[in-house]
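Quick look at entry-v5.txt (compact mmCIF, C-alpha atoms):
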```txt
# COMPACT_ATOMS: atom_id res chain seq x y z
CA MET A 1 0.00 0.00 0.00
CA SER A 2 1.31 3.44 -0.83
CA ALA A 3 -0.01 6.98 -1.15
CA GLN A 4 -3.50 5.82 -0.43
CA THR A 5 -6.26 7.29 1.68
CA PHE A 6 -9.02 5.06 2.99
CA LYS A 7 -12.32 6.01 4.54
CA ILE A 8 -13.32 4.09 7.65
CA LEU A 9 -16.86 4.36 9.03
CA VAL A 10 -16.79 3.87 12.80
CA THR A 11 -20.32 3.03 13.84
CA GLY A 12 -22.35 1.00 16.32
CA PRO A 13 -24.86 1.55 19.14
CA PHE A 14 -25.05 4.40 21.66
CA ALA A 15 -22.25 4.25 24.28
CA ALA A 16 -20.39 1.40 22.55
CA GLY A 17 -17.01 3.22 22.55
CA LYS A 18 -16.85 4.79 19.05
CA THR A 19 -15.66 8.22 20.18
CA SER A 20 -13.18 6.66 22.64
CA MET A 21 -11.68 4.59 19.85
CA ILE A 22 -11.22 7.55 17.50
CA GLN A 23 -9.81 9.71 20.29
CA SER A 24 -7.38 7.00 21.31
CA VAL A 25 -5.95 6.29 17.87
CA SER A 26 -6.16 9.58 15.97
CA GLN A 27 -2.83 11.25 15.30
CA THR A 28 -4.48 14.57 14.49
CA HIS A 29 -6.80 16.72 16.59
CA VAL A 30 -10.17 14.95 16.73
CA ILE A 31 -13.12 16.93 15.43
CA SER A 32 -15.81 16.01 17.88
CA THR A 33 -19.45 17.01 18.36
CA ASP A 34 -19.89 15.80 21.93
CA VAL A 35 -22.66 17.41 23.95
CA VAL A 36 -24.18 16.79 27.36
CA THR A 37 -26.83 14.07 27.45
CA SER A 38 -30.29 14.54 28.89
CA GLY A 39 -33.14 12.30 30.04
CA ASP A 40 -32.59 8.53 30.34
CA GLU A 41 -29.35 8.66 28.32
CA SER A 42 -27.69 10.82 30.97
CA GLY A 43 -27.88 7.75 33.23
CA VAL A 44 -25.67 5.84 30.77
CA LYS A 45 -23.05 8.51 30.08
CA SER A 46 -22.56 12.24 30.43
CA HIS A 47 -21.77 13.17 26.82
CA THR A 48 -22.80 11.95 23.39
CA THR A 49 -21.88 12.56 19.74
CA VAL A 50 -24.60 14.41 17.82
CA ALA A 51 -23.13 14.77 14.33
CA MET A 52 -19.75 13.11 13.84
CA ASP A 53 -16.25 12.46 15.11
CA PHE A 54 -13.34 12.77 12.74
CA GLY A 55 -9.80 11.56 13.25
CA THR A 56 -6.89 10.31 11.12
CA TYR A 57 -4.24 7.61 11.33
CA ARG A 58 -1.13 7.39 9.18
CA LEU A 59 0.90 4.21 9.00
CA HIS A 60 4.48 4.88 10.14
CA GLY A 61 6.91 4.92 7.20
CA ASP A 62 4.12 4.61 4.66
CA ASP A 63 1.77 6.95 2.80
CA THR A 64 -1.27 4.92 3.78
CA ARG A 65 -3.71 7.09 5.65
CA LEU A 66 -7.00 6.25 7.35
CA LEU A 67 -9.74 8.82 7.69
CA LEU A 68 -11.94 7.79 10.62
CA PHE A 69 -15.54 9.01 10.44
CA GLY A 70 -17.47 8.24 13.64
CA THR A 71 -21.26 8.33 13.68
CA PRO A 72 -23.66 9.04 16.54
CA GLY A 73 -25.16 5.83 17.96
CA GLN A 74 -28.80 6.67 18.54
CA ALA A 75 -31.50 5.89 15.96
CA ARG A 76 -32.63 9.53 15.92
CA PHE A 77 -29.28 10.50 14.34
CA ARG A 78 -29.40 7.76 11.67
CA PHE A 79 -29.44 10.43 8.95
CA MET A 80 -25.82 11.26 9.91
CA THR A 81 -24.77 7.66 9.18
CA ASN A 82 -26.50 7.99 5.81
CA ILE A 83 -24.53 11.16 5.10
CA LEU A 84 -21.20 9.69 6.23
CA LYS A 85 -21.42 6.21 4.70
CA GLY A 86 -20.65 7.16 1.10
CA HIS A 87 -17.48 5.66 -0.45
CA VAL A 88 -16.49 3.80 2.72
CA ASP A 89 -13.67 1.25 2.42
CA VAL A 90 -14.13 -0.54 5.75
CA VAL A 91 -16.83 -0.43 8.43
CA ALA A 92 -15.49 -0.60 11.98
CA PHE A 93 -18.51 -1.75 13.97
CA VAL A 94 -18.10 -1.12 17.69
CA ILE A 95 -20.24 -3.04 20.16
CA ASP A 96 -20.15 -3.09 23.97
CA ALA A 97 -20.07 -6.77 24.99
CA GLU A 98 -21.66 -5.98 28.35
CA ALA A 99 -24.50 -3.78 27.03
CA THR A 100 -26.55 -6.80 25.98
CA GLU A 101 -29.71 -4.73 25.60
CA THR A 102 -28.12 -3.01 22.57
CA HIS A 103 -27.20 -6.23 20.73
CA ALA A 104 -30.46 -7.03 18.92
CA VAL A 105 -30.75 -3.59 17.30
CA ALA A 106 -26.99 -3.58 16.60
CA GLY A 107 -27.33 -6.85 14.69
CA VAL A 108 -30.09 -5.40 12.51
CA GLU A 109 -27.94 -2.32 11.85
CA LEU A 110 -24.80 -4.34 11.05
CA ARG A 111 -26.65 -6.59 8.58
CA ALA A 112 -28.33 -3.58 6.93
CA LEU A 113 -24.95 -1.84 6.54
CA ALA A 114 -23.37 -5.00 5.11
CA ARG A 115 -26.16 -5.34 2.52
CA ASP A 116 -26.04 -1.66 1.69
CA LEU A 117 -22.30 -0.95 1.55
CA ARG A 118 -20.84 -4.32 0.49
CA VAL A 119 -17.47 -3.52 2.07
CA PRO A 120 -15.60 -5.57 4.69
CA ALA A 121 -16.31 -4.98 8.36
CA VAL A 122 -14.13 -5.17 11.46
CA ILE A 123 -16.15 -5.95 14.59
CA ALA A 124 -14.59 -4.32 17.66
CA VAL A 125 -16.08 -5.99 20.73
CA ASN A 126 -15.48 -3.48 23.50
CA ARG A 127 -15.20 -4.40 27.20
CA CYS A 128 -14.24 -7.93 26.24
CA ASP A 129 -10.91 -9.76 26.58
CA ASP A 130 -11.91 -13.16 25.26
CA ILE A 131 -11.67 -13.79 21.52
CA THR A 132 -14.07 -16.76 21.75
CA VAL A 133 -16.73 -14.64 23.46
CA ALA A 134 -16.11 -11.80 20.97
CA ARG A 135 -16.44 -14.12 17.96
CA ARG A 136 -19.63 -15.67 19.31
CA LEU A 137 -21.15 -12.21 19.83
CA ALA A 138 -20.06 -11.04 16.37
CA ARG A 139 -21.63 -14.12 14.78
CA SER A 140 -24.86 -13.59 16.68
CA LEU A 141 -24.96 -10.05 15.26
CA GLY A 142 -24.68 -11.46 11.75
CA ALA A 143 -20.98 -10.94 11.09
CA LEU A 144 -19.68 -13.07 8.23
CA ASP A 145 -17.25 -15.96 8.80
CA GLY A 146 -14.18 -14.23 7.38
CA GLU A 147 -14.77 -10.88 9.08
CA ALA A 148 -12.23 -9.67 11.62
CA VAL A 149 -13.32 -9.64 15.25
CA VAL A 150 -11.25 -7.83 17.89
CA PRO A 151 -11.93 -8.08 21.63
CA CYS A 152 -10.85 -4.72 23.07
CA GLN A 153 -10.94 -2.26 25.94
CA LEU A 154 -11.36 1.04 24.15
CA ILE A 155 -10.56 3.18 27.16
CA ASP A 156 -7.00 1.89 26.59
CA PRO A 157 -5.26 3.51 23.57
CA ASP A 158 -3.19 0.35 22.87
CA SER A 159 -6.42 -1.57 22.53
CA GLY A 160 -7.72 0.98 20.01
CA ARG A 161 -4.57 0.50 17.95
CA GLU A 162 -5.28 -3.25 17.77
CA VAL A 163 -8.56 -2.39 16.06
CA VAL A 164 -6.65 -0.15 13.63
CA VAL A 165 -4.23 -3.00 12.85
CA GLU A 166 -7.22 -5.23 11.99
CA ILE A 167 -8.63 -2.45 9.79
CA LEU A 168 -5.29 -2.23 7.94
CA LEU A 169 -5.10 -6.03 7.52
CA THR A 170 -8.68 -6.08 6.25
CA LEU A 171 -7.85 -3.32 3.73
CA LEU A 172 -4.79 -5.25 2.58
CA ALA A 173 -6.81 -8.46 2.13
CA SER A 174 -9.48 -6.52 0.26
CA ILE A 175 -6.91 -4.94 -2.08
CA GLU A 176 -5.23 -8.31 -2.70
CA SER A 177 -8.53 -10.00 -3.55
CA THR A 178 -9.44 -7.12 -5.91
CA THR A 179 -6.00 -7.39 -7.57
CA ALA A 180 -6.43 -11.16 -7.90
CA GLU A 181 -9.83 -10.67 -9.54
CA VAL A 182 -8.37 -8.19 -12.02
CA ALA A 183 -5.46 -10.52 -12.81
CA MET B 1 -50.64 38.36 30.64
CA THR B 2 -47.11 37.52 29.45
CA PRO B 3 -46.66 33.81 28.66
CA THR B 4 -44.07 32.03 30.79
CA ASP B 5 -43.90 28.50 29.47
CA PRO B 6 -41.69 27.87 26.41
CA THR B 7 -44.53 26.67 24.15
CA ALA B 8 -46.61 29.77 24.85
CA ILE B 9 -43.54 31.99 24.33
CA LEU B 10 -42.84 30.35 20.96
CA ASP B 11 -46.48 30.87 19.93
CA GLU B 12 -46.18 34.51 21.00
CA LEU B 13 -43.03 34.84 18.85
CA VAL B 14 -44.88 33.50 15.80
CA GLU B 15 -47.93 35.69 16.41
CA SER B 16 -46.14 38.91 17.27
CA ILE B 17 -43.45 39.19 14.60
CA ASP B 18 -44.38 39.28 10.91
CA GLY B 19 -42.63 36.66 8.85
CA VAL B 20 -41.98 34.20 11.68
CA ARG B 21 -43.66 30.93 10.73
CA ALA B 22 -42.54 28.55 13.45
CA ALA B 23 -40.10 28.09 16.30
CA ILE B 24 -38.64 24.98 17.91
CA LEU B 25 -36.68 24.57 21.15
CA VAL B 26 -34.58 21.39 21.45
CA SER B 27 -31.90 19.94 23.71
CA VAL B 28 -28.30 19.91 22.43
CA ASP B 29 -28.49 16.09 22.34
CA GLY B 30 -31.44 16.06 19.98
CA PHE B 31 -34.70 15.91 21.93
CA GLY B 32 -37.65 18.25 21.36
CA ARG B 33 -38.40 20.51 24.31
CA ALA B 34 -41.08 22.87 22.94
CA ARG B 35 -42.46 24.04 19.61
CA SER B 36 -44.89 26.59 18.35
CA SER B 37 -48.30 25.14 17.46
CA SER B 38 -47.60 26.13 13.83
CA ILE B 39 -45.24 23.19 13.29
CA SER B 40 -45.90 19.47 13.62
CA ASP B 41 -44.16 17.24 16.14
CA GLU B 42 -41.43 15.47 14.16
CA PRO B 43 -38.64 13.85 16.24
CA SER B 44 -36.12 14.16 13.40
CA HIS B 45 -36.33 17.97 13.64
CA ALA B 46 -34.71 17.98 17.08
CA ALA B 47 -31.99 15.53 16.00
CA MET B 48 -31.16 17.50 12.85
CA LEU B 49 -30.95 20.78 14.76
CA ALA B 50 -28.67 19.22 17.39
CA ALA B 51 -26.39 17.76 14.71
CA ALA B 52 -26.28 21.01 12.72
CA ILE B 53 -25.45 23.17 15.73
CA GLY B 54 -22.92 20.57 16.91
CA LEU B 55 -21.08 20.79 13.60
CA ALA B 56 -21.47 24.58 13.47
CA HIS B 57 -19.54 24.86 16.76
CA GLN B 58 -16.64 23.06 15.01
CA LEU B 59 -16.95 25.26 11.91
CA VAL B 60 -16.47 28.28 14.18
CA VAL B 61 -13.07 26.85 15.18
CA MET B 62 -12.23 26.28 11.51
CA GLY B 63 -13.17 29.93 10.87
CA GLY B 64 -10.81 31.10 13.60
CA GLY B 65 -13.53 32.01 16.09
CA GLN B 66 -14.33 30.83 19.59
CA GLN B 67 -18.03 31.17 20.07
CA LEU B 68 -20.96 30.39 17.79
CA ARG B 69 -23.48 33.22 17.75
CA GLN B 70 -25.94 32.14 15.11
CA LEU B 71 -26.40 29.54 12.37
CA VAL B 72 -28.30 30.78 9.33
CA VAL B 73 -29.84 28.47 6.75
CA ASP B 74 -30.77 30.70 3.82
CA HIS B 75 -32.86 28.81 1.28
CA ASP B 76 -35.29 29.43 -1.59
CA GLY B 77 -38.25 29.11 0.77
CA GLY B 78 -37.03 31.53 3.41
CA LEU B 79 -34.68 31.55 6.40
CA MET B 80 -33.93 29.36 9.36
CA LEU B 81 -32.13 31.09 12.22
CA VAL B 82 -30.61 28.81 14.84
CA TRP B 83 -29.08 29.87 18.15
CA PRO B 84 -27.39 28.02 21.00
CA ILE B 85 -29.37 28.88 24.17
CA GLY B 86 -27.05 28.43 27.13
CA ASP B 87 -25.07 25.18 27.09
CA GLU B 88 -27.98 22.78 26.82
CA ARG B 89 -30.60 24.15 24.44
CA VAL B 90 -30.95 25.16 20.80
CA LEU B 91 -33.65 27.44 19.39
CA ALA B 92 -34.59 27.47 15.70
CA VAL B 93 -36.84 30.06 14.10
CA ILE B 94 -38.34 29.38 10.68
CA ALA B 95 -39.17 32.60 8.88
CA THR B 96 -39.60 34.37 5.59
CA THR B 97 -36.57 35.97 3.93
CA THR B 98 -37.98 39.42 4.73
CA VAL B 99 -38.39 38.86 8.48
CA GLU B 100 -36.91 41.60 10.66
CA GLN B 101 -34.09 39.54 12.17
CA ARG B 102 -33.25 42.28 14.66
CA ARG B 103 -36.74 42.04 16.17
CA VAL B 104 -36.55 38.23 16.36
CA ARG B 105 -33.19 38.39 18.13
CA ALA B 106 -34.43 41.02 20.58
CA PHE B 107 -37.49 38.89 21.39
CA VAL B 108 -35.38 35.77 21.96
CA GLN B 109 -32.80 37.61 24.08
CA SER B 110 -35.55 38.99 26.31
CA ARG B 111 -36.82 35.47 27.03
CA VAL B 112 -33.55 33.50 27.21
CA ALA B 113 -34.04 32.62 30.87
CA TRP B 114 -37.36 30.88 30.08
CA PHE B 115 -35.80 28.85 27.27
CA THR B 116 -32.85 27.62 29.32
CA GLY B 117 -35.17 26.51 32.07
CA ALA B 118 -33.43 28.92 34.42
CA ARG B 119 -36.88 30.39 35.11
CA SER B 120 -40.14 28.51 35.12
```

Would you kindly transcribe this structure into structure tokens?
Amino acid sequence: MSAQTFKILVTGPFAAGKTSMIQSVSQTHVISTDVVTSGDESGVKSHTTVAMDFGTYRLHGDDTRLLLFGTPGQARFRFMTNILKGHVDVVAFVIDAEATETHAVAGVELRALARDLRVPAVIAVNRCDDITVARRLARSLGALDGEAVVPCQLIDPDSGREVVVEILLTLLASIESTTAEVA
Amino acid sequence: MTPTDPTAILDELVESIDGVRAAILVSVDGFGRARSSSISDEPSHAAMLAAAIGLAHQLVVMGGGQQLRQLVVDHDGGLMLVWPIGDERVLAVIATTTVEQRRVRAFVQSRVAWFTGARS
């Protein structure tokens, strides 16, 4: 890979860890639209993204650059996902393993995105250390067999970078399979 | 008698200033708080206003500023004027192109405390 810019859509349910992931891995100042929550959501967390997060990641010693576009998680902001999902190369789908009440809707969303975008996905299973548990959850959400699954703790920047590594590997595999098809 | 609840104040705004068609008060995280009776209850309105004002705050930084004063959506059907109200609310006024913006702003400024919930 060289001199290439890829667009990554970071999406998933409310309070899954999308903003934390972008903030932990971005090498440039993160454009964030965090505001204070109100009502029931304020019991889950104090701030929420209302439009988008934007961060970047450049591979050391390479011209490969990732543009990370984070969406809000709540259904009422779905129009922002529709705005941001154009020309995406990889979907990074973040899910909180412990927030089981979000999983059913997340599965519907993940499958809809897969049908709609037809690009590879990386499933980042936040608040999870066990790859077996993470894989089982990803499968239950409708992730495909070959799709990358990463158990992670997104409050930890090193953990966020593991998700980025999987995104890069997924991009590489996707480019290789495209090249093979052309050849 | 002067109205004191946000819905009544928004109705007063529509009725008292020519060219104002509707007004909506929402929370910064995208929930409707009050609206004039001239506009229907549509949950996406609150979410769109929250997203737009959220991005506008970042555009201010890009423009070299520090504080968003007003977001104006100028379109072929008229104007939408959007203001942050305190740290937690957003007010949008839907109006004709010819509305006297100075009068709208003066009205809103005189009732800010009611919109923020600081008075009730």

message = Measuring between only C-alpha atoms, which one of B:Val14, B:Pro6, B:Val90, B:Leu81 shows the shortest distance to chain A?
response = B:Val90

request  = Find the residues of chain B in contact range of chain A, meaning any atom within 9 Å when counting only C-alpha atoms, and list them as a PyMOL selection string.
outcome  = chain B and resi 27-31+43-44+46-48+50-55+57-58+87-88

Might you pull out every residue within 10 Å of Val104 of chain B, with only C-alpha atoms counted and same-chain residues fewer than 2 positions away left off, and present them as a PDB file with C-alpha atoms, in the coordinates of the input?
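Result saved to part_22.pdb:
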```
ATOM      1  CA  LEU B  13     -43.030  34.840  18.850  1.00  0.00           C
ATOM      2  CA  VAL B  14     -44.880  33.500  15.800  1.00  0.00           C
ATOM      3  CA  SER B  16     -46.140  38.910  17.270  1.00  0.00           C
ATOM      4  CA  ILE B  17     -43.450  39.190  14.600  1.00  0.00           C
ATOM      5  CA  ASP B  18     -44.380  39.280  10.910  1.00  0.00           C
ATOM      6  CA  GLY B  19     -42.630  36.660   8.850  1.00  0.00           C
ATOM      7  CA  VAL B  20     -41.980  34.200  11.680  1.00  0.00           C
ATOM      8  CA  LEU B  81     -32.130  31.090  12.220  1.00  0.00           C
ATOM      9  CA  VAL B  93     -36.840  30.060  14.100  1.00  0.00           C
ATOM     10  CA  ALA B  95     -39.170  32.600   8.880  1.00  0.00           C
ATOM     11  CA  VAL B  99     -38.390  38.860   8.480  1.00  0.00           C
ATOM     12  CA  GLU B 100     -36.910  41.600  10.660  1.00  0.00           C
ATOM     13  CA  GLN B 101     -34.090  39.540  12.170  1.00  0.00           C
ATOM     14  CA  ARG B 102     -33.250  42.280  14.660  1.00  0.00           C
ATOM     15  CA  ALA B 106     -34.430  41.020  20.580  1.00  0.00           C
ATOM     16  CA  PHE B 107     -37.490  38.890  21.390  1.00  0.00           C
ATOM     17  CA  VAL B 108     -35.380  35.770  21.960  1.00  0.00           C
ATOM     18  CA  GLN B 109     -32.800  37.610  24.080  1.00  0.00           C
TER      19      GLN B 109
END
```

Quick one: what's the axis-aligned box for segment 140-147 of chain A, all listed atoms, 8 Å on every side, centre and edges in Å to one decimal, as JSON?
```
{"center_x": -19.6, "center_y": -13.0, "center_z": 12.0, "size_x": 26.8, "size_y": 21.9, "size_z": 25.3}
```

request  = With a distance cut-off of 6 Å and only C-alpha atoms, select the neighbouring residues of segment 112-126 of chain A, excluding the residue or stretch itself and same-chain residues fewer than 3 positions from it, and output the selection as a PyMOL selection string.
outcome  = chain A and resi 90-97+109+134+148-153

message = Would you compute the distance between atom CA of Gly117 of chain B and atom CA of Ala56 of chain B? Give it in Å to one decimal.
response =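 Between atom CA of Gly117 of chain B and atom CA of Ala56 of chain B the gap is 23.2 Å.
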
ask   = When you draw a straight line from atom CA of Ala99 of chain A to atom CA of Gly32 of chain B, how long is it in Å?
value =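 Here the two named atoms are 26.3 Å from each other.
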
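By all atoms listed in the file, and with residues fewer than 5 positions from Asp145 of chain A along its chain excluded, the set lying at most 10 Å from it is Arg135, Ala138 and Arg139 of chain A.
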
request  = Enter the distance from atom CA of Asp156 of chain A to atom CA of Ser140 of chain A, in Å, rounded to one decimal.
outcome  = 25.6 Å

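Within the 8 Å cut-off around Ile39 of chain B, using all atoms listed in the file and omitting residues fewer than 2 positions from it on the same chain, the listed residues are Ala22, Ala23, Arg35, Ser36, Ser37 and Asp41 of chain B.
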
Starting from the sparse input, extend segment 7-31 of chain A to N, CA and C atoms and give the output as a PDB file, in the frame of the given file.
```pdb
ATOM      1  N   LYS A   7     -11.273   5.480   3.665  1.00  0.00           N
ATOM      2  CA  LYS A   7     -12.320   6.010   4.540  1.00  0.00           C
ATOM      3  C   LYS A   7     -12.892   4.890   5.395  1.00  0.00           C
ATOM      4  N   ILE A   8     -12.830   5.088   6.695  1.00  0.00           N
ATOM      5  CA  ILE A   8     -13.320   4.090   7.650  1.00  0.00           C
ATOM      6  C   ILE A   8     -14.549   4.662   8.353  1.00  0.00           C
ATOM      7  N   LEU A   9     -15.652   3.943   8.310  1.00  0.00           N
ATOM      8  CA  LEU A   9     -16.860   4.360   9.030  1.00  0.00           C
ATOM      9  C   LEU A   9     -16.863   3.664  10.381  1.00  0.00           C
ATOM     10  N   VAL A  10     -16.763   4.442  11.446  1.00  0.00           N
ATOM     11  CA  VAL A  10     -16.790   3.870  12.800  1.00  0.00           C
ATOM     12  C   VAL A  10     -18.207   4.040  13.330  1.00  0.00           C
ATOM     13  N   THR A  11     -18.913   2.930  13.442  1.00  0.00           N
ATOM     14  CA  THR A  11     -20.320   3.030  13.840  1.00  0.00           C
ATOM     15  C   THR A  11     -20.666   1.946  14.840  1.00  0.00           C
ATOM     16  N   GLY A  12     -21.910   1.938  15.286  1.00  0.00           N
ATOM     17  CA  GLY A  12     -22.350   1.000  16.320  1.00  0.00           C
ATOM     18  C   GLY A  12     -23.302   1.709  17.275  1.00  0.00           C
ATOM     19  N   PRO A  13     -23.840   0.977  18.254  1.00  0.00           N
ATOM     20  CA  PRO A  13     -24.860   1.550  19.140  1.00  0.00           C
ATOM     21  C   PRO A  13     -24.352   2.674  20.044  1.00  0.00           C
ATOM     22  N   PHE A  14     -25.310   3.364  20.666  1.00  0.00           N
ATOM     23  CA  PHE A  14     -25.050   4.400  21.660  1.00  0.00           C
ATOM     24  C   PHE A  14     -24.152   3.833  22.771  1.00  0.00           C
ATOM     25  N   ALA A  15     -23.126   4.599  23.144  1.00  0.00           N
ATOM     26  CA  ALA A  15     -22.250   4.250  24.280  1.00  0.00           C
ATOM     27  C   ALA A  15     -21.446   2.971  24.073  1.00  0.00           C
ATOM     28  N   ALA A  16     -21.158   2.625  22.805  1.00  0.00           N
ATOM     29  CA  ALA A  16     -20.390   1.400  22.550  1.00  0.00           C
ATOM     30  C   ALA A  16     -18.886   1.642  22.674  1.00  0.00           C
ATOM     31  N   GLY A  17     -18.435   2.898  22.457  1.00  0.00           N
ATOM     32  CA  GLY A  17     -17.010   3.220  22.550  1.00  0.00           C
ATOM     33  C   GLY A  17     -16.438   3.806  21.258  1.00  0.00           C
ATOM     34  N   LYS A  18     -17.281   4.266  20.359  1.00  0.00           N
ATOM     35  CA  LYS A  18     -16.850   4.790  19.050  1.00  0.00           C
ATOM     36  C   LYS A  18     -15.958   6.027  19.204  1.00  0.00           C
ATOM     37  N   THR A  19     -16.432   6.995  19.983  1.00  0.00           N
ATOM     38  CA  THR A  19     -15.660   8.220  20.180  1.00  0.00           C
ATOM     39  C   THR A  19     -14.344   7.918  20.900  1.00  0.00           C
ATOM     40  N   SER A  20     -14.400   7.035  21.911  1.00  0.00           N
ATOM     41  CA  SER A  20     -13.180   6.660  22.640  1.00  0.00           C
ATOM     42  C   SER A  20     -12.152   6.075  21.694  1.00  0.00           C
ATOM     43  N   MET A  21     -12.614   5.224  20.774  1.00  0.00           N
ATOM     44  CA  MET A  21     -11.680   4.590  19.850  1.00  0.00           C
ATOM     45  C   MET A  21     -11.010   5.638  18.966  1.00  0.00           C
ATOM     46  N   ILE A  22     -11.801   6.543  18.392  1.00  0.00           N
ATOM     47  CA  ILE A  22     -11.220   7.550  17.500  1.00  0.00           C
ATOM     48  C   ILE A  22     -10.266   8.453  18.278  1.00  0.00           C
ATOM     49  N   GLN A  23     -10.687   8.837  19.488  1.00  0.00           N
ATOM     50  CA  GLN A  23      -9.810   9.710  20.290  1.00  0.00           C
ATOM     51  C   GLN A  23      -8.525   8.995  20.665  1.00  0.00           C
ATOM     52  N   SER A  24      -8.583   7.694  20.866  1.00  0.00           N
ATOM     53  CA  SER A  24      -7.380   7.000  21.310  1.00  0.00           C
ATOM     54  C   SER A  24      -6.394   6.742  20.176  1.00  0.00           C
ATOM     55  N   VAL A  25      -6.872   6.637  18.947  1.00  0.00           N
ATOM     56  CA  VAL A  25      -5.950   6.290  17.870  1.00  0.00           C
ATOM     57  C   VAL A  25      -5.602   7.453  16.933  1.00  0.00           C
ATOM     58  N   SER A  26      -6.406   8.508  16.934  1.00  0.00           N
ATOM     59  CA  SER A  26      -6.160   9.580  15.970  1.00  0.00           C
ATOM     60  C   SER A  26      -4.842  10.283  16.242  1.00  0.00           C
ATOM     61  N   GLN A  27      -4.116  10.542  15.170  1.00  0.00           N
ATOM     62  CA  GLN A  27      -2.830  11.250  15.300  1.00  0.00           C
ATOM     63  C   GLN A  27      -2.997  12.737  15.041  1.00  0.00           C
ATOM     64  N   THR A  28      -4.191  13.141  14.666  1.00  0.00           N
ATOM     65  CA  THR A  28      -4.480  14.570  14.490  1.00  0.00           C
ATOM     66  C   THR A  28      -5.607  14.937  15.463  1.00  0.00           C
ATOM     67  N   HIS A  29      -5.756  16.238  15.699  1.00  0.00           N
ATOM     68  CA  HIS A  29      -6.800  16.720  16.590  1.00  0.00           C
ATOM     69  C   HIS A  29      -8.166  16.169  16.158  1.00  0.00           C
ATOM     70  N   VAL A  30      -8.881  15.554  17.080  1.00  0.00           N
ATOM     71  CA  VAL A  30     -10.170  14.950  16.730  1.00  0.00           C
ATOM     72  C   VAL A  30     -11.254  16.029  16.676  1.00  0.00           C
ATOM     73  N   ILE A  31     -11.953  16.064  15.534  1.00  0.00           N
ATOM     74  CA  ILE A  31     -13.120  16.930  15.430  1.00  0.00           C
ATOM     75  C   ILE A  31     -14.271  16.160  16.074  1.00  0.00           C
TER      76      ILE A  31
END
```
